[in-house]
Amino acid sequence: MEIEGYNFPEGLYYEKNHFWARVEGDLVVMGMNDYAQLMSGEVVYVALPPIGKKLTQGKSFAKVESGKWLGKIYAVVSGELAEVNEELEENAKLINDDPFGKGWMFKIKPENMDELDNLMTDPEEIREWLNAEIAEHGVAS
Amino acid sequence: MSEPLELSKKYQHMVTQCSRCGFCRAVCPIFDITKNWATNAGGKMVLIKEILDGKIEPSEGIAKSLLCCTTCMNCTTNCPSGVDPPEVIRATRKDMVNLGYDNMFKAMSDVIAKTGNIYGEKEKYDWGHKHERAPYVLFVGCVGTYREEESVEETINLLDILGVKFTMIDEVCCSGVLEDVGYQAHKNLAKHNIDEFHRTGVKAIITTCPYCYRVFKNHPFYNGLNLELQHITQFLAKHDFKVKTDKKVTYHDPCDLGRHAGIYEEPRQIIRKIAPNFVEPERTRENAMCCGAGGGFRGSSPKESITIARTRLRKIMEETGAEILLTECPSCLHNFRNAKLRRWNIEIYNITEFIGKLYKEMDVRKNVAA
């Protein structure tokens, strides 16, 4: 679905630090949303922490950097880091090129899948939150 | 037609001094990855000469080409004709900005003026260590403050362990980098730093960033400083440490510390005290290849800048087989850490950060033994 001109594919969960989540078997895959990747510009670096790192929902655990911006990456659910997208090491721009596909960032073994219920799925809720973000941070040029 | 460039006679002479031999190509970190002559020193000298001779007009493309320089000075060191290309390039960048070719750094100048740092960050980690009076002030700069905070924390930890009485100040960007990319440093920011230094009654400034060190030492805005200035490697060279590592250690000379400031020995004096198994890379000291972060290149071409760091890091690993790469520059550290691939078996630290970490490990071992 398109919200305010940005792509928010259906079936995903969205959290308010601009990351998305998707269930894949017993893992949760996460990446950066369309608005964030456009606002940041070309991503040049993503920190890929060691597998097994303990994560807490809503807490930052890594950094992402574009030429003009450095941001924190927040865990979409609590759990253990199960996999990182190693292709991002040499081609971080995949996050811009294909944010919901090849640009995925991490896979997490969640402690509790129910935490996904804390994330947004309702288009109207996403629209309201996104409009507030646009009002604060502007639109991608 | 009026003169398109206002280069001083000194720089115009340098441009004509270039014999176009191409020796600068082999040492230019950008040519190393592009193989494009317009991106290295000799190519730029030709472009500038042709503008000066009225054969070509300044253009957006030339402005972009001029940004392709990390001002690492490796070309200067290796130029048989005695040309100092980074100085000519810095001056020409200013001319191009004056001609209206904004090279994206206008935005950075505005951000520095507004926020006091190069990234426009609004929040700053507070390490504490703010005292009314102290003999030393530790100045860590923008990259340390906003990109390599954990490294700075270990450095502070080390100074505490060594019993150094120091304070930190409400520092703002030295803003010297703006002079590298065609703009002017901000006098009010320099005044803020100078006032802060004097307020604490310090006798000496210790910088972790070799670029800030150069700016404090050389920029006219800091002429009134009248304080002793030391890079942290100079300050610590006289100290003894109670820790050692058996690991194979190597060292990357930051361009700002080495070629620009002439500080080669002190980092090595420190490393030899803590790492008996120290090995030099093939290209080292005044011939060290740049990490790709300087001269505004990390800002204008971040992807290529990281590629240069990756190339340098790969070479260092191949040449030395080291397990630990040390440097003492937050920009080099940041670029190398961004460039390192997970499968590469090397750890990267600032020297002071590494020693701080060794002390921490020693404490852990003592606690376990107790």
# chains A, B, ... in the order shown; residues from 1 in each chain; ligands from 1
$ closest_atom_pairs --of "chain B" --to "chain A" --cutoff "9 Å" --atoms "only C-alpha atoms" --output "JSON lines"
{"residue": "B:Tyr119", "atom": "CA", "partner": "A:Lys68", "partner_atom": "CA", "distance": 7.3}
{"residue": "B:Gly120", "atom": "CA", "partner": "A:Trp69", "partner_atom": "CA", "distance": 8.9}
{"residue": "B:Arg147", "atom": "CA", "partner": "A:Leu70", "partner_atom": "CA", "distance": 8.3}
{"residue": "B:Arg298", "atom": "CA", "partner": "A:Gly67", "partner_atom": "CA", "distance": 7.6}
{"residue": "B:Gly299", "atom": "CA", "partner": "A:Gly67", "partner_atom": "CA", "distance": 5.9}
{"residue": "B:Ser300", "atom": "CA", "partner": "A:Gly67", "partner_atom": "CA", "distance": 7.4}
{"residue": "B:Ser301", "atom": "CA", "partner": "A:Gly67", "partner_atom": "CA", "distance": 7.5}
{"residue": "B:Pro302", "atom": "CA", "partner": "A:Gly67", "partner_atom": "CA", "distance": 5.4}
{"residue": "B:Lys303", "atom": "CA", "partner": "A:Val44", "partner_atom": "CA", "distance": 5.6}
{"residue": "B:Ile306", "atom": "CA", "partner": "A:Val44", "partner_atom": "CA", "distance": 8.1}
{"residue": "B:Thr307", "atom": "CA", "partner": "A:Glu90", "partner_atom": "CA", "distance": 8.9}
{"residue": "B:Asn338", "atom": "CA", "partner": "A:Tyr45", "partner_atom": "CA", "distance": 6.2}
{"residue": "B:Ala339", "atom": "CA", "partner": "A:Glu89", "partner_atom": "CA", "distance": 8.0}
{"residue": "B:Lys340", "atom": "CA", "partner": "A:Glu89", "partner_atom": "CA", "distance": 8.3}
{"residue": "B:Leu341", "atom": "CA", "partner": "A:Glu89", "partner_atom": "CA", "distance": 6.5}
{"residue": "B:Arg342", "atom": "CA", "partner": "A:Glu89", "partner_atom": "CA", "distance": 8.0}
$ residues_around --residues "region 94-104 of chain A" --least-positions-apart "3" --cutoff "10 Å" --atoms "only C-alpha atoms" --output "JSON, numbers by chain"
{"A": [7, 8, 9, 12, 19, 20, 21, 22, 29, 30, 31, 32, 33, 34, 36, 37, 38, 40, 41, 42, 43, 44, 46, 84, 85, 87, 88, 90, 91, 107]}
$ write_last_selection --atoms "C-alpha atoms" --output "PDB file, in the first residue's frame"
ATOM      1  CA  ASN A   7       5.582   2.320   0.072  1.00  0.00           C
ATOM      2  CA  PHE A   8       4.266   0.412   3.073  1.00  0.00           C
ATOM      3  CA  PRO A   9       3.703  -3.163   1.870  1.00  0.00           C
ATOM      4  CA  LEU A  12       4.322  -6.189   7.458  1.00  0.00           C
ATOM      5  CA  PHE A  19      11.774  -0.104  10.816  1.00  0.00           C
ATOM      6  CA  TRP A  20       9.554  -2.864   9.499  1.00  0.00           C
ATOM      7  CA  ALA A  21       9.122  -6.460  10.653  1.00  0.00           C
ATOM      8  CA  ARG A  22       7.985  -9.626   8.909  1.00  0.00           C
ATOM      9  CA  VAL A  29      13.024 -10.246   9.730  1.00  0.00           C
ATOM     10  CA  MET A  30      13.530  -6.493   9.973  1.00  0.00           C
ATOM     11  CA  GLY A  31      14.644  -3.624   7.762  1.00  0.00           C
ATOM     12  CA  MET A  32      14.315   0.121   7.216  1.00  0.00           C
ATOM     13  CA  ASN A  33      11.087   1.629   5.912  1.00  0.00           C
ATOM     14  CA  ASP A  34      10.692   3.530   2.656  1.00  0.00           C
ATOM     15  CA  ALA A  36      13.582   6.518   6.276  1.00  0.00           C
ATOM     16  CA  GLN A  37      15.653   5.188   3.380  1.00  0.00           C
ATOM     17  CA  LEU A  38      14.587   8.114   1.190  1.00  0.00           C
ATOM     18  CA  SER A  40      18.652   9.307   4.771  1.00  0.00           C
ATOM     19  CA  GLY A  41      19.942   9.246   1.208  1.00  0.00           C
ATOM     20  CA  GLU A  42      22.386   6.605   0.034  1.00  0.00           C
ATOM     21  CA  VAL A  43      23.211   4.305   2.918  1.00  0.00           C
ATOM     22  CA  VAL A  44      26.955   3.636   3.061  1.00  0.00           C
ATOM     23  CA  VAL A  46      25.415  -0.638   8.539  1.00  0.00           C
ATOM     24  CA  VAL A  84      22.583 -10.455   9.618  1.00  0.00           C
ATOM     25  CA  ASN A  85      22.467  -9.511   5.952  1.00  0.00           C
ATOM     26  CA  GLU A  87      25.586  -8.406   1.625  1.00  0.00           C
ATOM     27  CA  LEU A  88      25.104  -4.997   3.243  1.00  0.00           C
ATOM     28  CA  GLU A  90      29.875  -4.233   0.716  1.00  0.00           C
ATOM     29  CA  ASN A  91      26.604  -2.964  -0.709  1.00  0.00           C
ATOM     30  CA  LYS A 107      16.699 -11.717  11.538  1.00  0.00           C
TER      31      LYS A 107
END
$ residues_around --residues "Glu282 (chain B)" --least-positions-apart "4" --cutoff "9 Å" --atoms "only C-alpha atoms" --output "MDAnalysis selection string"
chainID B and resid 287:288 315:316 319:320
$ write_last_selection --atoms "C-alpha atoms" --output "PDB file, in the first residue's frame"
ATOM      1  CA  ASN B 287      54.677   7.067   2.722  1.00  0.00           C
ATOM      2  CA  ALA B 288      51.578   5.730   4.483  1.00  0.00           C
ATOM      3  CA  LYS B 315      46.815  -4.253   2.227  1.00  0.00           C
ATOM      4  CA  ILE B 316      47.804  -3.773   5.864  1.00  0.00           C
ATOM      5  CA  GLU B 319      51.494  -7.130   4.532  1.00  0.00           C
ATOM      6  CA  THR B 320      51.618  -7.540   8.292  1.00  0.00           C
TER       7      THR B 320
END
$ residues_around --residues "region 248-256 of chain B" --least-positions-apart "6" --cutoff "7 Å" --atoms "only C-alpha atoms" --output "ChimeraX atom specification"
/B:72,210-211,275,277-281,284-285,288,290,322-327,329,332
$ select_by_dssp --residues "region 19-134 of chain A" --states "strand (DSSP E or B)" --output "JSON, numbers by chain"
{"A": [19, 20, 21, 22, 23, 24, 27, 28, 29, 30, 31, 32, 43, 44, 45, 46, 54, 55, 60, 61, 62, 63, 64, 65, 66, 70, 71, 72, 73, 74, 79, 80, 81, 82, 83, 84, 106, 107, 108, 109, 110, 120]}
$ write_last_selection --atoms "N, CA and C atoms" --output "tab-separated table (two decimals), in the first residue's frame"
chain	number	residue	atom	x	y	z
A	19	PHE	N	11.37	1.23	11.25
A	19	PHE	CA	11.77	-0.10	10.82
A	19	PHE	C	10.53	-0.97	10.63
A	20	TRP	N	10.66	-1.95	9.74
A	20	TRP	CA	9.55	-2.86	9.50
A	20	TRP	C	9.92	-4.26	10.00
A	21	ALA	N	8.90	-5.09	10.19
A	21	ALA	CA	9.12	-6.46	10.65
A	21	ALA	C	8.23	-7.41	9.85
A	22	ARG	N	8.76	-8.61	9.65
A	22	ARG	CA	7.98	-9.63	8.91
A	22	ARG	C	8.29	-10.99	9.54
A	23	VAL	N	7.27	-11.81	9.69
A	23	VAL	CA	7.49	-13.14	10.28
A	23	VAL	C	7.95	-14.09	9.18
A	24	GLU	N	9.02	-14.81	9.48
A	24	GLU	CA	9.55	-15.81	8.53
A	24	GLU	C	9.85	-17.07	9.33
A	27	LEU	N	11.35	-16.93	12.90
A	27	LEU	CA	12.18	-15.73	13.02
A	27	LEU	C	11.40	-14.48	12.63
A	28	VAL	N	11.90	-13.33	13.06
A	28	VAL	CA	11.34	-12.04	12.63
A	28	VAL	C	12.42	-11.31	11.83
A	29	VAL	N	12.09	-10.99	10.58
A	29	VAL	CA	13.02	-10.25	9.73
A	29	VAL	C	12.72	-8.77	9.90
A	30	MET	N	13.78	-7.93	9.87
A	30	MET	CA	13.53	-6.49	9.97
A	30	MET	C	14.38	-5.70	8.98
A	31	GLY	N	13.90	-4.52	8.65
A	31	GLY	CA	14.64	-3.62	7.76
A	31	GLY	C	14.18	-2.20	7.96
A	32	MET	N	14.65	-1.30	7.09
A	32	MET	CA	14.32	0.12	7.22
A	32	MET	C	13.13	0.44	6.32
A	43	VAL	N	22.63	4.90	1.72
A	43	VAL	CA	23.21	4.31	2.92
A	43	VAL	C	24.59	3.75	2.56
A	44	VAL	N	25.60	4.08	3.38
A	44	VAL	CA	26.95	3.64	3.06
A	44	VAL	C	27.50	2.64	4.08
A	45	TYR	N	26.84	2.52	5.22
A	45	TYR	CA	27.38	1.62	6.25
A	45	TYR	C	26.28	1.18	7.19
A	46	VAL	N	26.30	-0.10	7.49
A	46	VAL	CA	25.42	-0.64	8.54
A	46	VAL	C	26.27	-1.47	9.48
A	54	LYS	N	21.82	-10.06	22.46
A	54	LYS	CA	20.48	-9.95	23.06
A	54	LYS	C	19.86	-8.60	22.71
A	55	LEU	N	18.64	-8.63	22.26
A	55	LEU	CA	17.97	-7.41	21.84
A	55	LEU	C	16.69	-7.20	22.67
A	60	SER	N	17.97	0.53	20.95
A	60	SER	CA	18.90	0.53	19.82
A	60	SER	C	19.98	-0.52	20.03
A	61	PHE	N	20.43	-1.12	18.93
A	61	PHE	CA	21.47	-2.15	19.04
A	61	PHE	C	22.51	-2.06	17.94
A	62	ALA	N	22.36	-1.11	17.01
A	62	ALA	CA	23.34	-0.98	15.93
A	62	ALA	C	23.19	0.41	15.33
A	63	LYS	N	24.10	0.74	14.40
A	63	LYS	CA	24.07	2.06	13.76
A	63	LYS	C	23.99	1.89	12.25
A	64	VAL	N	23.39	2.87	11.61
A	64	VAL	CA	23.35	2.91	10.15
A	64	VAL	C	23.77	4.31	9.73
A	65	GLU	N	24.52	4.39	8.64
A	65	GLU	CA	25.08	5.70	8.28
A	65	GLU	C	24.95	5.94	6.78
A	66	SER	N	24.46	7.14	6.45
A	66	SER	CA	24.51	7.58	5.06
A	66	SER	C	25.53	8.70	5.02
A	70	LEU	N	23.64	9.78	10.54
A	70	LEU	CA	23.91	8.54	11.26
A	70	LEU	C	22.72	8.27	12.15
A	71	GLY	N	22.19	7.08	12.04
A	71	GLY	CA	21.01	6.77	12.84
A	71	GLY	C	21.20	5.49	13.63
A	72	LYS	N	20.34	5.34	14.62
A	72	LYS	CA	20.36	4.12	15.42
A	72	LYS	C	19.36	3.13	14.86
A	73	ILE	N	19.66	1.87	15.05
A	73	ILE	CA	18.74	0.83	14.62
A	73	ILE	C	18.10	0.24	15.87
A	74	TYR	N	16.79	0.18	15.87
A	74	TYR	CA	16.04	-0.26	17.05
A	74	TYR	C	15.44	-1.65	16.81
A	79	GLY	N	14.68	-10.39	21.75
A	79	GLY	CA	15.13	-11.73	21.38
A	79	GLY	C	16.62	-11.77	21.16
A	80	GLU	N	17.02	-12.68	20.28
A	80	GLU	CA	18.44	-12.90	20.02
A	80	GLU	C	18.70	-12.70	18.54
A	81	LEU	N	19.80	-12.00	18.23
A	81	LEU	CA	20.13	-11.79	16.81
A	81	LEU	C	20.51	-13.13	16.18
A	82	ALA	N	19.74	-13.52	15.17
A	82	ALA	CA	19.94	-14.86	14.58
A	82	ALA	C	20.72	-14.80	13.28
A	83	GLU	N	20.57	-13.71	12.54
A	83	GLU	CA	21.22	-13.62	11.23
A	83	GLU	C	21.36	-12.14	10.86
A	84	VAL	N	22.43	-11.82	10.14
A	84	VAL	CA	22.58	-10.45	9.62
A	84	VAL	C	22.74	-10.56	8.10
A	106	PHE	N	18.25	-7.56	9.47
A	106	PHE	CA	18.53	-8.55	10.53
A	106	PHE	C	17.38	-9.55	10.65
A	107	LYS	N	17.72	-10.75	11.16
A	107	LYS	CA	16.70	-11.72	11.54
A	107	LYS	C	16.86	-11.98	13.03
A	108	ILE	N	15.74	-11.93	13.71
A	108	ILE	CA	15.76	-12.05	15.18
A	108	ILE	C	14.97	-13.29	15.59
A	109	LYS	N	15.55	-14.04	16.53
A	109	LYS	CA	14.79	-15.14	17.15
A	109	LYS	C	14.04	-14.52	18.33
A	110	PRO	N	12.74	-14.33	18.17
A	110	PRO	CA	12.02	-13.56	19.21
A	110	PRO	C	11.78	-14.35	20.48
A	120	MET	N	2.67	-1.37	14.38
A	120	MET	CA	1.50	-0.87	13.63
A	120	MET	C	1.24	-1.73	12.38
$ residues_around --residues "region 99-115 of chain B" --least-positions-apart "2" --cutoff "10 Å" --atoms "only C-alpha atoms" --output "count of residues only"
41
$ select_by_dssp --residues "region 105-146 of chain B" --states "alpha helix (DSSP H)" --output "PyMOL selection string"
chain B and resi 105-115+141-146
$ write_last_selection --atoms "C-alpha atoms" --output "short mmCIF file (atom, residue, chain, number, x, y, z; two decimals), in the first residue's frame"
data_model
loop_
_atom_site.label_atom_id
_atom_site.label_comp_id
_atom_site.auth_asym_id
_atom_site.auth_seq_id
_atom_site.Cartn_x
_atom_site.Cartn_y
_atom_site.Cartn_z
CA PHE B 105 29.66 22.12 1.91
CA LYS B 106 27.72 25.38 2.21
CA ALA B 107 25.14 23.24 3.99
CA MET B 108 27.82 21.90 6.34
CA SER B 109 29.04 25.42 7.09
CA ASP B 110 25.49 26.41 8.01
CA VAL B 111 25.04 23.30 10.13
CA ILE B 112 28.28 23.95 12.01
CA ALA B 113 27.21 27.54 12.66
CA LYS B 114 23.84 26.37 13.95
CA THR B 115 24.77 23.31 16.00
CA GLY B 141 36.44 16.90 18.33
CA CYS B 142 33.31 16.16 16.29
CA VAL B 143 34.13 12.66 15.01
CA GLY B 144 35.11 11.44 18.46
CA THR B 145 32.09 13.03 20.09
CA TYR B 146 29.43 11.93 17.61
#
$ atom_distance --atom1 "CA of Leu138 (chain B)" --atom2 "CA of Asn193 (chain B)"
11.9 Å
$ residues_around --residues "region 359-361 of chain B" --least-positions-apart "4" --cutoff "12 Å" --atoms "only C-alpha atoms" --output "PyMOL selection string"
chain B and resi 154-155+157-162+241-245+274+352-355+365-368
$ write_last_selection --atoms "N, CA and C atoms" --output "PDB file, in the first residue's frame"
ATOM      1  N   GLU B 154      37.031   5.011  26.315  1.00  0.00           N
ATOM      2  CA  GLU B 154      38.205   4.221  26.732  1.00  0.00           C
ATOM      3  C   GLU B 154      39.417   5.122  26.935  1.00  0.00           C
ATOM      4  N   THR B 155      39.553   6.146  26.101  1.00  0.00           N
ATOM      5  CA  THR B 155      40.671   7.085  26.249  1.00  0.00           C
ATOM      6  C   THR B 155      40.571   7.810  27.580  1.00  0.00           C
ATOM      7  N   ASN B 157      39.016   6.725  30.175  1.00  0.00           N
ATOM      8  CA  ASN B 157      39.287   5.693  31.170  1.00  0.00           C
ATOM      9  C   ASN B 157      40.797   5.551  31.402  1.00  0.00           C
ATOM     10  N   LEU B 158      41.556   5.576  30.310  1.00  0.00           N
ATOM     11  CA  LEU B 158      43.013   5.446  30.416  1.00  0.00           C
ATOM     12  C   LEU B 158      43.609   6.637  31.166  1.00  0.00           C
ATOM     13  N   LEU B 159      43.187   7.834  30.815  1.00  0.00           N
ATOM     14  CA  LEU B 159      43.730   9.018  31.495  1.00  0.00           C
ATOM     15  C   LEU B 159      43.426   8.972  32.987  1.00  0.00           C
ATOM     16  N   ASP B 160      42.242   8.472  33.330  1.00  0.00           N
ATOM     17  CA  ASP B 160      41.891   8.331  34.749  1.00  0.00           C
ATOM     18  C   ASP B 160      42.815   7.335  35.436  1.00  0.00           C
ATOM     19  N   ILE B 161      43.051   6.214  34.768  1.00  0.00           N
ATOM     20  CA  ILE B 161      43.926   5.184  35.353  1.00  0.00           C
ATOM     21  C   ILE B 161      45.331   5.744  35.578  1.00  0.00           C
ATOM     22  N   LEU B 162      45.787   6.565  34.645  1.00  0.00           N
ATOM     23  CA  LEU B 162      47.129   7.135  34.744  1.00  0.00           C
ATOM     24  C   LEU B 162      47.178   8.316  35.715  1.00  0.00           C
ATOM     25  N   PHE B 241      53.281   2.160  31.032  1.00  0.00           N
ATOM     26  CA  PHE B 241      52.005   1.462  31.183  1.00  0.00           C
ATOM     27  C   PHE B 241      52.257   0.096  31.815  1.00  0.00           C
ATOM     28  N   LYS B 242      51.287  -0.356  32.592  1.00  0.00           N
ATOM     29  CA  LYS B 242      51.470  -1.644  33.288  1.00  0.00           C
ATOM     30  C   LYS B 242      50.808  -2.783  32.518  1.00  0.00           C
ATOM     31  N   VAL B 243      50.519  -2.551  31.279  1.00  0.00           N
ATOM     32  CA  VAL B 243      49.847  -3.596  30.487  1.00  0.00           C
ATOM     33  C   VAL B 243      50.649  -3.860  29.209  1.00  0.00           C
ATOM     34  N   LYS B 244      50.499  -5.083  28.716  1.00  0.00           N
ATOM     35  CA  LYS B 244      51.129  -5.464  27.450  1.00  0.00           C
ATOM     36  C   LYS B 244      50.194  -6.411  26.713  1.00  0.00           C
ATOM     37  N   THR B 245      50.413  -6.528  25.421  1.00  0.00           N
ATOM     38  CA  THR B 245      49.686  -7.528  24.649  1.00  0.00           C
ATOM     39  C   THR B 245      50.679  -8.397  23.901  1.00  0.00           C
ATOM     40  N   ILE B 274      53.858  -1.327  24.824  1.00  0.00           N
ATOM     41  CA  ILE B 274      52.757  -2.248  25.175  1.00  0.00           C
ATOM     42  C   ILE B 274      52.634  -3.434  24.214  1.00  0.00           C
ATOM     43  N   THR B 352      45.146   4.822  22.400  1.00  0.00           N
ATOM     44  CA  THR B 352      44.735   5.092  23.782  1.00  0.00           C
ATOM     45  C   THR B 352      43.537   4.225  24.176  1.00  0.00           C
ATOM     46  N   GLU B 353      42.654   4.014  23.240  1.00  0.00           N
ATOM     47  CA  GLU B 353      41.486   3.157  23.480  1.00  0.00           C
ATOM     48  C   GLU B 353      41.948   1.725  23.766  1.00  0.00           C
ATOM     49  N   PHE B 354      42.924   1.273  22.987  1.00  0.00           N
ATOM     50  CA  PHE B 354      43.416  -0.099  23.133  1.00  0.00           C
ATOM     51  C   PHE B 354      44.076  -0.288  24.493  1.00  0.00           C
ATOM     52  N   ILE B 355      44.887   0.693  24.905  1.00  0.00           N
ATOM     53  CA  ILE B 355      45.561   0.564  26.206  1.00  0.00           C
ATOM     54  C   ILE B 355      44.517   0.588  27.322  1.00  0.00           C
ATOM     55  N   ARG B 365      40.859  -9.815  35.007  1.00  0.00           N
ATOM     56  CA  ARG B 365      41.660 -10.992  35.382  1.00  0.00           C
ATOM     57  C   ARG B 365      41.958 -10.983  36.888  1.00  0.00           C
ATOM     58  N   LYS B 366      42.289  -9.772  37.405  1.00  0.00           N
ATOM     59  CA  LYS B 366      42.594  -9.655  38.846  1.00  0.00           C
ATOM     60  C   LYS B 366      41.379 -10.049  39.676  1.00  0.00           C
ATOM     61  N   ASN B 367      40.215  -9.560  39.247  1.00  0.00           N
ATOM     62  CA  ASN B 367      38.980  -9.851  39.987  1.00  0.00           C
ATOM     63  C   ASN B 367      38.673 -11.349  39.963  1.00  0.00           C
ATOM     64  N   VAL B 368      38.910 -11.963  38.801  1.00  0.00           N
ATOM     65  CA  VAL B 368      38.653 -13.402  38.686  1.00  0.00           C
ATOM     66  C   VAL B 368      39.593 -14.156  39.613  1.00  0.00           C
TER      67      VAL B 368
END
$ residues_around --residues "region 25-28 of chain B" --least-positions-apart "4" --cutoff "10 Å" --atoms "only C-alpha atoms" --output "ChimeraX atom specification"
/B:21,32-33,35-37,39-43,69-78,283,287-290,292
$ atom_distance --atom1 "CA of Ile308 (chain B)" --atom2 "CA of Phe336 (chain B)"
9.2 Å
$ closest_residue --among "B:Val152, B:Asp246, B:Glu304, B:Ala237" --to "Tyr264 (chain B)" --atoms "only C-alpha atoms"
B:Ala237
